[in-house]
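J.: The structure file start-v5.csv (CSV, C-alpha atoms) is provided below.
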```csv
chain,number,residue,atom,x,y,z
A,109,MET,CA,-19.8,-33.7,60.6
A,110,GLU,CA,-16.2,-32.6,59.9
A,111,ALA,CA,-15.5,-35.8,58.2
A,112,ALA,CA,-18.6,-35.4,56.0
A,113,GLY,CA,-17.4,-31.9,55.1
A,114,ASP,CA,-14.0,-33.2,54.1
A,115,ALA,CA,-15.6,-35.9,52.0
A,116,LEU,CA,-17.8,-33.3,50.3
A,117,THR,CA,-14.7,-31.1,49.6
A,118,GLY,CA,-12.8,-34.0,48.3
A,119,GLY,CA,-15.6,-35.0,46.0
A,120,LEU,CA,-16.0,-31.5,44.5
A,121,ALA,CA,-12.2,-31.4,43.9
A,122,ALA,CA,-12.3,-34.8,42.2
A,123,HIS,CA,-15.3,-33.7,40.1
A,124,ALA,CA,-13.3,-30.6,39.0
A,125,VAL,CA,-10.3,-32.8,38.1
A,126,ASP,CA,-12.6,-35.1,36.1
A,127,ARG,CA,-14.2,-32.2,34.4
A,128,GLU,CA,-10.8,-30.8,33.3
A,129,THR,CA,-9.6,-34.2,32.2
A,130,HIS,CA,-12.8,-34.6,30.2
A,131,LYS,CA,-12.3,-31.1,28.7
A,132,GLY,CA,-8.8,-32.0,27.7
A,133,GLY,CA,-9.9,-35.2,26.0
A,134,ALA,CA,-12.7,-33.4,24.1
A,135,HIS,CA,-10.8,-30.3,23.0
A,136,GLY,CA,-7.1,-31.4,23.1
A,137,ASP,CA,-6.1,-29.1,26.0
A,138,HIS,CA,-3.0,-30.2,27.9
A,139,ALA,CA,-2.5,-30.0,31.6
A,140,GLN,CA,0.4,-27.8,32.8
A,141,ASP,CA,2.0,-30.5,35.0
A,142,GLY,CA,2.3,-33.1,32.2
A,143,PRO,CA,5.0,-33.5,29.5
A,144,CYS,CA,5.3,-30.9,26.8
A,145,PRO,CA,3.4,-32.1,23.7
A,146,ASN,CA,6.1,-30.6,21.5
A,147,CYS,CA,9.4,-31.7,23.0
A,148,GLY,CA,8.4,-34.0,25.8
A,149,ALA,CA,10.1,-32.0,28.6
A,150,ALA,CA,8.4,-31.9,32.0
A,151,LEU,CA,6.1,-28.8,32.4
A,152,ALA,CA,6.4,-26.6,35.4
A,153,GLY,CA,4.3,-23.6,34.3
A,154,PRO,CA,2.2,-22.2,31.5
A,155,TYR,CA,5.1,-22.5,29.0
A,156,CYS,CA,7.7,-25.1,28.3
A,157,ALA,CA,11.1,-24.2,29.7
A,158,GLN,CA,12.9,-26.1,26.8
A,159,CYS,CA,11.1,-25.0,23.6
A,160,GLY,CA,8.8,-22.2,24.8
A,161,GLN,CA,5.6,-23.7,23.6
A,162,ALA,CA,2.4,-23.0,25.6
A,163,ALA,CA,1.2,-25.8,27.8
A,164,HIS,CA,-2.4,-25.0,27.1
A,165,ILE,CA,-3.2,-26.4,23.6
A,166,HIS,CA,-6.4,-25.4,21.9
A,167,ARG,CA,-8.3,-27.4,19.4
A,168,SER,CA,-11.5,-25.5,18.8
A,169,LEU,CA,-12.8,-23.1,16.0
A,170,HIS,CA,-13.1,-20.4,18.6
A,171,SER,CA,-9.4,-20.7,19.5
A,172,LEU,CA,-8.4,-20.8,15.9
A,173,GLY,CA,-10.2,-17.5,15.3
A,174,HIS,CA,-8.5,-16.1,18.4
A,175,ASP,CA,-5.1,-17.2,17.1
A,176,ILE,CA,-5.7,-15.6,13.7
A,177,LEU,CA,-6.8,-12.3,15.3
A,178,HIS,CA,-3.9,-12.4,17.7
A,179,GLY,CA,-1.4,-13.0,15.0
A,180,VAL,CA,-2.7,-10.2,12.8
A,181,PHE,CA,-2.9,-7.6,15.5
A,182,HIS,CA,0.4,-8.7,17.1
A,183,PHE,CA,2.1,-8.3,13.7
A,184,GLU,CA,0.3,-5.0,13.2
A,185,GLY,CA,1.4,-3.8,16.6
A,186,ARG,CA,5.0,-4.5,15.7
A,187,ILE,CA,4.8,-3.1,12.2
A,188,TRP,CA,3.5,0.2,13.5
A,189,ARG,CA,6.6,0.4,15.7
A,190,THR,CA,8.9,-0.7,12.9
A,191,LEU,CA,7.7,1.5,10.0
A,192,PRO,CA,8.2,4.9,11.8
A,193,GLU,CA,11.7,3.8,12.9
A,194,LEU,CA,12.5,2.6,9.4
A,195,ALA,CA,11.3,5.8,7.8
A,196,PHE,CA,12.7,8.4,10.2
A,197,HIS,CA,15.4,6.6,12.2
A,198,PRO,CA,16.7,3.7,9.9
A,199,GLY,CA,20.1,3.6,11.5
A,200,ARG,CA,18.8,3.4,15.0
A,201,LEU,CA,16.4,0.6,14.0
A,202,THR,CA,19.2,-1.3,12.3
A,203,ARG,CA,21.5,-0.9,15.4
A,204,ARG,CA,18.8,-1.8,17.9
A,205,PHE,CA,17.9,-5.0,16.0
A,206,ILE,CA,21.6,-6.0,15.6
A,207,ASP,CA,22.2,-5.4,19.3
A,208,GLY,CA,19.3,-7.7,20.2
A,209,GLU,CA,16.3,-5.5,20.7
A,210,ARG,CA,14.1,-7.6,18.4
A,211,ALA,CA,10.8,-8.7,20.0
A,212,LYS,CA,9.2,-5.3,19.5
A,213,PHE,CA,10.1,-5.0,15.8
A,214,VAL,CA,9.3,-6.9,12.7
A,215,SER,CA,12.3,-8.9,11.6
A,216,PRO,CA,14.1,-7.6,8.5
A,217,MET,CA,13.3,-10.7,6.4
A,218,ALA,CA,9.6,-10.8,7.5
A,219,LEU,CA,9.3,-7.1,6.5
A,220,PHE,CA,11.1,-7.7,3.2
A,221,LEU,CA,8.8,-10.6,2.3
A,222,PHE,CA,5.8,-8.6,3.3
A,223,THR,CA,7.0,-5.7,1.2
A,224,VAL,CA,7.6,-7.9,-1.9
A,225,PHE,CA,4.0,-9.3,-1.5
A,226,LEU,CA,2.6,-5.8,-1.1
A,227,MET,CA,4.5,-4.6,-4.2
A,228,PHE,CA,3.2,-7.5,-6.3
A,229,ALA,CA,-0.3,-6.7,-5.2
A,230,VAL,CA,-0.1,-2.9,-5.7
A,231,PHE,CA,1.7,-3.2,-9.1
A,232,GLY,CA,-0.9,-5.8,-10.1
A,233,PHE,CA,-3.6,-3.2,-9.3
A,234,THR,CA,-2.0,-0.1,-10.6
A,235,GLY,CA,0.1,-1.6,-13.4
A,236,GLY,CA,3.3,0.0,-12.0
A,237,ALA,CA,3.0,3.7,-12.8
A,238,LEU,CA,6.7,4.3,-12.1
A,239,LEU,CA,7.6,1.5,-14.5
A,240,GLY,CA,5.9,3.2,-17.4
A,241,SER,CA,2.4,1.8,-17.2
A,242,SER,CA,-0.8,2.6,-15.3
A,243,PRO,CA,-4.4,1.6,-15.3
A,244,GLU,CA,-6.1,2.5,-18.6
A,245,GLY,CA,-7.1,6.1,-19.0
A,246,VAL,CA,-4.9,7.5,-16.1
A,247,THR,CA,-2.6,10.3,-16.9
A,248,VAL,CA,0.6,9.8,-14.9
A,249,MET,CA,2.4,13.0,-15.8
A,250,LYS,CA,0.8,16.3,-16.9
A,251,GLY,CA,1.4,17.2,-20.5
A,252,THR,CA,1.6,13.6,-21.6
A,253,PRO,CA,-1.2,11.5,-23.0
A,254,PRO,CA,-2.7,8.7,-20.9
A,255,VAL,CA,-0.2,5.9,-20.6
A,256,GLY,CA,-2.7,3.0,-20.3
A,257,ASP,CA,-1.9,-0.4,-19.0
A,258,TRP,CA,0.5,-2.8,-20.6
A,259,ARG,CA,-2.3,-4.2,-22.8
A,260,SER,CA,-2.7,-0.8,-24.6
A,261,GLY,CA,1.0,-1.0,-25.7
A,262,ILE,CA,0.4,-4.5,-27.0
A,263,LYS,CA,-2.7,-3.3,-28.9
A,264,GLU,CA,-0.6,-0.6,-30.6
A,265,GLU,CA,2.0,-3.1,-31.5
A,266,TYR,CA,-0.8,-5.3,-32.9
A,267,GLY,CA,-1.9,-2.4,-35.1
A,268,ARG,CA,1.6,-1.8,-36.4
A,269,ALA,CA,2.0,-5.5,-37.2
A,270,GLU,CA,-1.2,-5.4,-39.2
A,271,LYS,CA,0.0,-2.4,-41.2
A,272,ASP,CA,3.4,-4.1,-41.8
A,273,ILE,CA,1.7,-7.3,-43.0
A,274,ALA,CA,-0.4,-5.3,-45.5
A,275,ALA,CA,2.6,-3.4,-46.8
A,276,LEU,CA,4.7,-6.6,-47.2
A,277,LYS,CA,1.9,-8.3,-49.1
A,278,ALA,CA,1.6,-5.3,-51.4
A,279,SER,CA,5.3,-5.5,-52.1
A,280,ARG,CA,5.1,-9.2,-52.8
A,281,ALA,CA,2.3,-8.6,-55.3
A,282,ALA,CA,4.3,-6.0,-57.2
A,283,PRO,CA,5.0,-7.0,-60.8
A,284,GLY,CA,8.5,-8.1,-61.8
A,285,ILE,CA,9.6,-9.2,-58.3
A,286,SER,CA,12.2,-12.0,-58.3
A,287,VAL,CA,11.7,-15.4,-56.8
A,288,ALA,CA,14.4,-14.8,-54.2
A,289,ASP,CA,12.8,-11.5,-53.1
A,290,ARG,CA,9.3,-13.2,-53.0
A,291,GLU,CA,10.6,-15.9,-50.8
A,292,ALA,CA,12.3,-13.4,-48.5
A,293,LEU,CA,9.0,-11.4,-48.3
A,294,ASP,CA,7.1,-14.6,-47.5
A,295,ARG,CA,9.4,-15.3,-44.5
A,296,LYS,CA,8.9,-11.7,-43.3
A,297,ILE,CA,5.1,-11.9,-43.7
A,298,GLU,CA,5.0,-15.2,-41.8
A,299,GLN,CA,7.2,-13.8,-39.0
A,300,ARG,CA,5.0,-10.7,-38.6
A,301,ILE,CA,1.8,-12.8,-38.6
A,302,ASP,CA,3.3,-14.9,-35.7
A,303,GLU,CA,4.2,-11.7,-33.9
A,304,ARG,CA,0.7,-10.3,-34.5
A,305,ASP,CA,-0.9,-13.5,-33.1
A,306,ALA,CA,1.4,-13.4,-30.1
A,307,MET,CA,0.3,-9.8,-29.4
A,308,ALA,CA,-3.3,-10.9,-29.6
A,309,GLY,CA,-2.7,-13.7,-27.2
A,310,LEU,CA,-1.0,-11.5,-24.7
A,311,ALA,CA,-3.8,-8.8,-24.9
A,312,THR,CA,-6.6,-11.3,-24.4
A,313,GLY,CA,-4.7,-13.5,-21.8
A,314,ASP,CA,-4.7,-16.5,-24.1
A,315,TRP,CA,-1.4,-17.9,-22.7
A,316,GLU,CA,-2.0,-21.3,-24.4
A,317,LYS,CA,-1.9,-19.6,-27.7
A,318,VAL,CA,1.3,-17.7,-26.8
A,319,ALA,CA,2.9,-21.0,-25.7
A,320,ASP,CA,1.9,-22.7,-29.0
A,321,LEU,CA,3.4,-19.9,-31.0
A,322,GLY,CA,6.6,-20.2,-28.9
A,323,LYS,CA,6.8,-23.9,-29.6
A,324,ARG,CA,6.1,-23.3,-33.3
A,325,SER,CA,8.9,-20.7,-33.4
A,326,ASP,CA,11.3,-23.1,-31.6
A,327,ALA,CA,10.5,-25.8,-34.1
A,328,LYS,CA,11.2,-23.5,-37.0
A,329,ARG,CA,14.5,-22.5,-35.6
A,330,ALA,CA,15.5,-26.1,-34.9
A,331,ALA,CA,14.6,-27.0,-38.5
A,332,ASP,CA,16.6,-24.0,-39.8
A,333,ALA,CA,19.6,-25.1,-37.7
A,334,ARG,CA,19.5,-28.6,-39.0
A,335,LYS,CA,19.0,-27.4,-42.5
A,336,GLY,CA,21.9,-24.9,-42.4
A,337,ASP,CA,24.1,-27.1,-40.1
A,338,GLY,CA,24.2,-24.4,-37.4
A,339,GLU,CA,24.5,-21.5,-39.8
A,340,SER,CA,21.1,-20.1,-38.7
A,341,GLU,CA,22.7,-18.7,-35.6
A,342,GLY,CA,23.9,-15.9,-37.9
A,343,ALA,CA,26.9,-13.7,-37.8
A,344,GLY,CA,25.4,-11.4,-35.1
A,345,GLY,CA,24.9,-14.3,-32.6
A,346,LEU,CA,27.2,-15.4,-29.8
A,347,ASN,CA,30.2,-17.4,-31.0
A,348,SER,CA,32.0,-18.4,-27.8
A,349,GLY,CA,33.2,-21.7,-29.0
A,350,VAL,CA,30.9,-23.6,-26.6
A,351,PRO,CA,28.2,-25.0,-28.8
A,352,TRP,CA,25.5,-25.5,-26.2
A,353,LEU,CA,26.0,-22.0,-24.8
A,354,ASP,CA,25.9,-20.4,-28.2
A,355,ARG,CA,22.7,-22.3,-29.1
A,356,ALA,CA,21.0,-21.4,-25.8
A,357,VAL,CA,21.9,-17.7,-26.0
A,358,ASN,CA,21.2,-17.2,-29.7
A,359,ASP,CA,17.9,-19.0,-29.4
A,360,GLY,CA,17.0,-16.9,-26.4
A,361,LEU,CA,17.9,-13.7,-28.2
A,362,LYS,CA,15.8,-14.7,-31.2
A,363,LYS,CA,12.8,-15.3,-28.9
A,364,ALA,CA,13.3,-11.9,-27.3
A,365,ASN,CA,13.6,-10.2,-30.7
A,366,ASP,CA,10.5,-12.0,-32.0
A,367,ASN,CA,8.4,-11.4,-28.9
A,368,PRO,CA,9.7,-8.5,-26.7
A,369,GLN,CA,6.5,-8.2,-24.8
A,370,LEU,CA,6.7,-11.8,-23.6
A,371,LEU,CA,10.3,-11.1,-22.5
A,372,LEU,CA,9.1,-8.1,-20.5
A,373,TYR,CA,6.5,-10.2,-18.8
A,374,LYS,CA,9.1,-12.8,-17.8
A,375,LEU,CA,11.4,-10.0,-16.4
A,376,LYS,CA,8.6,-8.7,-14.2
A,377,THR,CA,7.7,-12.1,-12.9
A,378,SER,CA,11.3,-13.0,-12.2
A,379,GLY,CA,11.8,-9.7,-10.5
A,380,TYR,CA,9.3,-10.5,-7.9
A,381,LYS,CA,10.4,-14.1,-7.6
A,382,TYR,CA,14.1,-13.4,-7.2
A,383,SER,CA,14.1,-10.0,-5.4
A,384,TRP,CA,15.7,-11.7,-2.4
A,385,ALA,CA,18.9,-11.9,-4.5
A,386,LEU,CA,19.4,-8.2,-4.0
A,387,ILE,CA,20.4,-8.9,-0.4
A,388,PRO,CA,23.4,-11.3,-1.1
A,389,LEU,CA,24.4,-9.0,-4.0
A,390,SER,CA,24.6,-6.0,-1.7
A,391,VAL,CA,26.5,-7.5,1.3
A,392,PRO,CA,29.9,-7.8,-0.4
A,393,PHE,CA,29.8,-4.1,-1.4
A,394,LEU,CA,28.8,-3.0,2.1
A,395,TRP,CA,31.7,-5.1,3.4
A,396,LEU,CA,34.1,-3.1,1.2
A,397,LEU,CA,33.1,0.0,3.1
A,398,PHE,CA,34.1,-1.4,6.5
A,399,PHE,CA,36.4,-4.3,5.7
A,400,TRP,CA,39.0,-3.1,8.3
A,401,ARG,CA,36.6,-2.9,11.2
A,402,ARG,CA,36.5,-6.1,13.3
A,403,ASP,CA,33.5,-5.0,15.2
A,404,ILE,CA,31.3,-5.2,12.1
A,405,HIS,CA,30.2,-8.5,10.7
A,406,LEU,CA,28.6,-9.8,7.5
A,407,TYR,CA,25.4,-10.3,9.5
A,408,ASP,CA,25.3,-6.6,10.3
A,409,HIS,CA,25.6,-5.8,6.6
A,410,ALA,CA,22.8,-8.2,5.8
A,411,ILE,CA,20.4,-6.6,8.3
A,412,PHE,CA,21.4,-3.1,6.9
A,413,ALA,CA,20.7,-4.2,3.3
A,414,THR,CA,17.4,-6.0,4.1
A,415,TYR,CA,16.0,-3.0,5.9
A,416,SER,CA,17.3,-0.6,3.3
A,417,ILE,CA,15.9,-2.5,0.4
A,418,SER,CA,12.5,-2.9,2.2
A,419,PHE,CA,12.3,0.8,2.6
A,420,MET,CA,13.1,1.5,-1.0
A,421,MET,CA,10.4,-0.9,-2.2
A,422,LEU,CA,7.9,0.7,0.2
A,423,LEU,CA,8.9,4.1,-1.2
A,424,VAL,CA,8.3,2.9,-4.8
A,425,ILE,CA,4.9,1.5,-3.8
A,426,MET,CA,3.9,4.8,-2.1
A,427,LEU,CA,5.1,6.9,-5.1
A,428,SER,CA,3.3,4.6,-7.5
A,429,LEU,CA,0.0,5.2,-5.6
A,430,VAL,CA,0.8,8.9,-5.6
A,431,ALA,CA,1.4,8.9,-9.4
A,432,ILE,CA,-1.8,7.0,-10.0
A,433,ALA,CA,-3.7,9.6,-7.9
A,434,GLY,CA,-2.7,12.2,-10.5
A,435,VAL,CA,0.1,14.0,-8.6
A,436,SER,CA,2.5,15.8,-10.9
A,437,GLY,CA,5.4,13.8,-12.2
A,438,TRP,CA,8.0,16.3,-11.1
A,439,ILE,CA,6.9,16.0,-7.5
A,440,TRP,CA,7.2,12.2,-7.1
A,441,GLY,CA,10.2,12.3,-9.5
A,442,MET,CA,12.1,14.6,-7.2
A,443,ALA,CA,11.1,12.5,-4.2
A,444,LEU,CA,12.5,9.4,-5.9
A,445,LEU,CA,15.8,11.2,-6.5
A,446,ILE,CA,16.1,12.9,-3.0
A,447,ILE,CA,14.7,10.5,-0.4
A,448,PRO,CA,16.9,7.4,-1.1
A,449,PRO,CA,20.2,9.2,-0.6
A,450,ILE,CA,19.0,10.9,2.6
A,451,HIS,CA,17.7,7.6,3.9
A,452,MET,CA,21.0,5.8,3.2
A,453,TYR,CA,23.0,8.6,4.8
A,454,LYS,CA,20.9,8.4,8.0
A,455,GLN,CA,21.1,4.6,8.1
A,456,LEU,CA,24.8,4.6,7.6
A,457,ARG,CA,25.3,7.1,10.5
A,458,GLY,CA,23.1,5.3,13.0
A,459,ALA,CA,23.9,1.7,12.1
A,460,TYR,CA,27.7,2.0,12.0
A,461,GLY,CA,28.2,4.9,14.4
A,462,LEU,CA,29.8,7.2,11.7
A,463,SER,CA,30.6,10.9,11.8
A,464,ARG,CA,28.8,13.2,9.3
A,465,ALA,CA,31.9,13.3,7.1
A,466,GLY,CA,32.4,9.5,7.3
A,467,ALA,CA,28.8,8.9,6.4
A,468,ALA,CA,28.9,11.4,3.5
A,469,VAL,CA,32.0,9.8,2.0
A,470,ARG,CA,30.6,6.3,2.3
A,471,LEU,CA,27.3,7.5,0.9
A,472,ILE,CA,29.0,8.4,-2.4
A,473,PHE,CA,30.4,4.9,-2.7
A,474,LEU,CA,27.2,3.3,-1.6
A,475,LEU,CA,25.2,5.1,-4.3
A,476,SER,CA,27.7,3.8,-6.9
A,477,PHE,CA,27.5,0.3,-5.4
A,478,ALA,CA,23.7,0.5,-5.5
A,479,VAL,CA,23.8,1.2,-9.3
A,480,ILE,CA,26.2,-1.8,-9.7
A,481,VAL,CA,23.9,-4.1,-7.7
A,482,LEU,CA,20.8,-3.1,-9.6
A,483,THR,CA,22.7,-3.6,-12.9
A,484,LEU,CA,23.8,-7.0,-11.9
A,485,PHE,CA,20.3,-7.9,-10.7
A,486,GLY,CA,18.9,-6.7,-14.1
A,487,LEU,CA,21.5,-8.7,-16.0
A,488,MET,CA,20.6,-11.8,-14.0
A,489,LEU,CA,16.9,-11.3,-14.7
A,490,LEU,CA,17.7,-10.7,-18.4
A,491,ALA,CA,19.8,-13.8,-18.6
A,492,MET,CA,17.0,-15.9,-17.0
A,493,GLY,CA,14.4,-14.4,-19.3
A,494,VAL,CA,16.5,-15.0,-22.4
A,495,LEU,CA,17.7,-18.5,-21.5
A,496,ASP,CA,14.3,-19.7,-20.2
```
Step by step, read the file and then write its structure as structure tokens.
T.:
Amino acid sequence: MEAAGDALTGGLAAHAVDRETHKGGAHGDHAQDGPCPNCGAALAGPYCAQCGQAAHIHRSLHSLGHDILHGVFHFEGRIWRTLPELAFHPGRLTRRFIDGERAKFVSPMALFLFTVFLMFAVFGFTGGALLGSSPEGVTVMKGTPPVGDWRSGIKEEYGRAEKDIAALKASRAAPGISVADREALDRKIEQRIDERDAMAGLATGDWEKVADLGKRSDAKRAADARKGDGESEGAGGLNSGVPWLDRAVNDGLKKANDNPQLLLYKLKTSGYKYSWALIPLSVPFLWLLFFWRRDIHLYDHAIFATYSISFMMLLVIMLSLVAIAGVSGWIWGMALLIIPPIHMYKQLRGAYGLSRAGAAVRLIFLLSFAVIVLTLFGLMLLAMGVLD
């Protein structure tokens, strides 16, 4: 009887093993006592001791949904711990992350990339109220007419171009005009027609038309350059002595002058794409504030800059939404002037362990450095927009 019981127990155990083995074959689960599927190390528990991957591998739609929800809410849990610290205790957050307290907070770069994505989405929806445009019909500041979105400015430029074309044609039709003056007016009329058509393409989203106009303009400039043996660059263009550089810069400036709205579009697009460049541009200036301290490293400055820039972008996003909501311009304008210096001061004190006086002195330099960094970043975007 006892032997029969042992046999029954052994059979049930074997059946359980077979069932788990079959389950693993059907759904891709991995036993905890086999090799790690990621690095091949022997498993001795639910996680690999070498690479940290879970031993239990899911391959079902249910597990995929679970992983998505876990990832979203896990990130959400960390971000709700990170954002209050970033807003009210930025120095403490920076110092805690540098010192190794990282699992409970969103990493600086992840927060930065999330903020850039959020800014792109919000500005795409609102038009960027703080940048001088907002959805059509929304009044950003009291006492001023509705700003409208960027298309309204293009429509106004289109109307001006139409009036200019009509005036130029009237001048050309005047009696007694010389042949040279008539040819000059013809060139101006043709140029304004191209500009008008470019405005129409931008307003309607006809990017193919805009591209065709750009190619046609490039062809005209190339023909003028060949005809005049390089004289078409003009006296006001760059003359550095490097022919390829002069050509690239002068052609870019001509494009910007012919189509400023397209240049603005390129600057906005490049601003999102290359916003990460603000971090390496900021680090050398932060180093200048503490270059004699051996306990502070470039990594510390990079963490400081990344968290600081992320907060400033979040502030701009929030104030843009406030402006769109119809809040008076002087309120969010004052917030834009007052909050950044206070935030920088608190982050300096907490992150680097400074006294009030030391943080205040460095804040003055840091504000000046911030202007320099933004200027360099703007020049970089302008150069890419002109030379592109």
J.: Determine, counting only C-alpha atoms, which protein, DNA and RNA residues have an atom within 12 Å of an atom of region 191-193 of chain A; residues of the same chain fewer than 5 positions away are not included. Present the result as a ChimeraX atom specification.
T.: /A:183-186,198-205,212-216,219-220,223,415-416,418-419,422-423,451,454-455,458
J.: Every residue with an atom at most 12 Å from (3.9, -6.7, -6.5) (file coordinates; only C-alpha atoms) is what I'm after, so could you write them as a PDB file with C-alpha atoms, in the frame of the given file?
T.:
```pdb
ATOM      1  CA  LEU A 221       8.800 -10.600   2.300  1.00  0.00           C
ATOM      2  CA  PHE A 222       5.800  -8.600   3.300  1.00  0.00           C
ATOM      3  CA  THR A 223       7.000  -5.700   1.200  1.00  0.00           C
ATOM      4  CA  VAL A 224       7.600  -7.900  -1.900  1.00  0.00           C
ATOM      5  CA  PHE A 225       4.000  -9.300  -1.500  1.00  0.00           C
ATOM      6  CA  LEU A 226       2.600  -5.800  -1.100  1.00  0.00           C
ATOM      7  CA  MET A 227       4.500  -4.600  -4.200  1.00  0.00           C
ATOM      8  CA  PHE A 228       3.200  -7.500  -6.300  1.00  0.00           C
ATOM      9  CA  ALA A 229      -0.300  -6.700  -5.200  1.00  0.00           C
ATOM     10  CA  VAL A 230      -0.100  -2.900  -5.700  1.00  0.00           C
ATOM     11  CA  PHE A 231       1.700  -3.200  -9.100  1.00  0.00           C
ATOM     12  CA  GLY A 232      -0.900  -5.800 -10.100  1.00  0.00           C
ATOM     13  CA  PHE A 233      -3.600  -3.200  -9.300  1.00  0.00           C
ATOM     14  CA  THR A 234      -2.000  -0.100 -10.600  1.00  0.00           C
ATOM     15  CA  GLY A 235       0.100  -1.600 -13.400  1.00  0.00           C
ATOM     16  CA  GLY A 236       3.300   0.000 -12.000  1.00  0.00           C
ATOM     17  CA  LYS A 376       8.600  -8.700 -14.200  1.00  0.00           C
ATOM     18  CA  THR A 377       7.700 -12.100 -12.900  1.00  0.00           C
ATOM     19  CA  SER A 378      11.300 -13.000 -12.200  1.00  0.00           C
ATOM     20  CA  GLY A 379      11.800  -9.700 -10.500  1.00  0.00           C
ATOM     21  CA  TYR A 380       9.300 -10.500  -7.900  1.00  0.00           C
ATOM     22  CA  LYS A 381      10.400 -14.100  -7.600  1.00  0.00           C
ATOM     23  CA  SER A 383      14.100 -10.000  -5.400  1.00  0.00           C
ATOM     24  CA  MET A 421      10.400  -0.900  -2.200  1.00  0.00           C
ATOM     25  CA  LEU A 422       7.900   0.700   0.200  1.00  0.00           C
ATOM     26  CA  VAL A 424       8.300   2.900  -4.800  1.00  0.00           C
ATOM     27  CA  ILE A 425       4.900   1.500  -3.800  1.00  0.00           C
ATOM     28  CA  SER A 428       3.300   4.600  -7.500  1.00  0.00           C
TER      29      SER A 428
END
```
J.: Just give me the gap between CA of Glu303 (chain A) and CA of Ala281 (chain A) in Å, one decimal is fine.
T.: 21.7 Å
J.: Applying 7 Å and all atoms listed in the file, which residues near Ala149 (chain A) remain after dropping the ones on its own chain fewer than 4 positions away? List them as a count of residues only.
T.: 3
J.: Separation of CA of Ala413 (chain A) and CA of Ser390 (chain A), in Å?
T.: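 Interatomic distance, CA of Ala413 (chain A) to CA of Ser390 (chain A): 6.6 Å.
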J.: Which of these residues is nearest to Leu490 (chain A), using only C-alpha atoms: A:Leu444, A:Ala467, A:Ala410, A:Leu375?
T.: A:Leu375
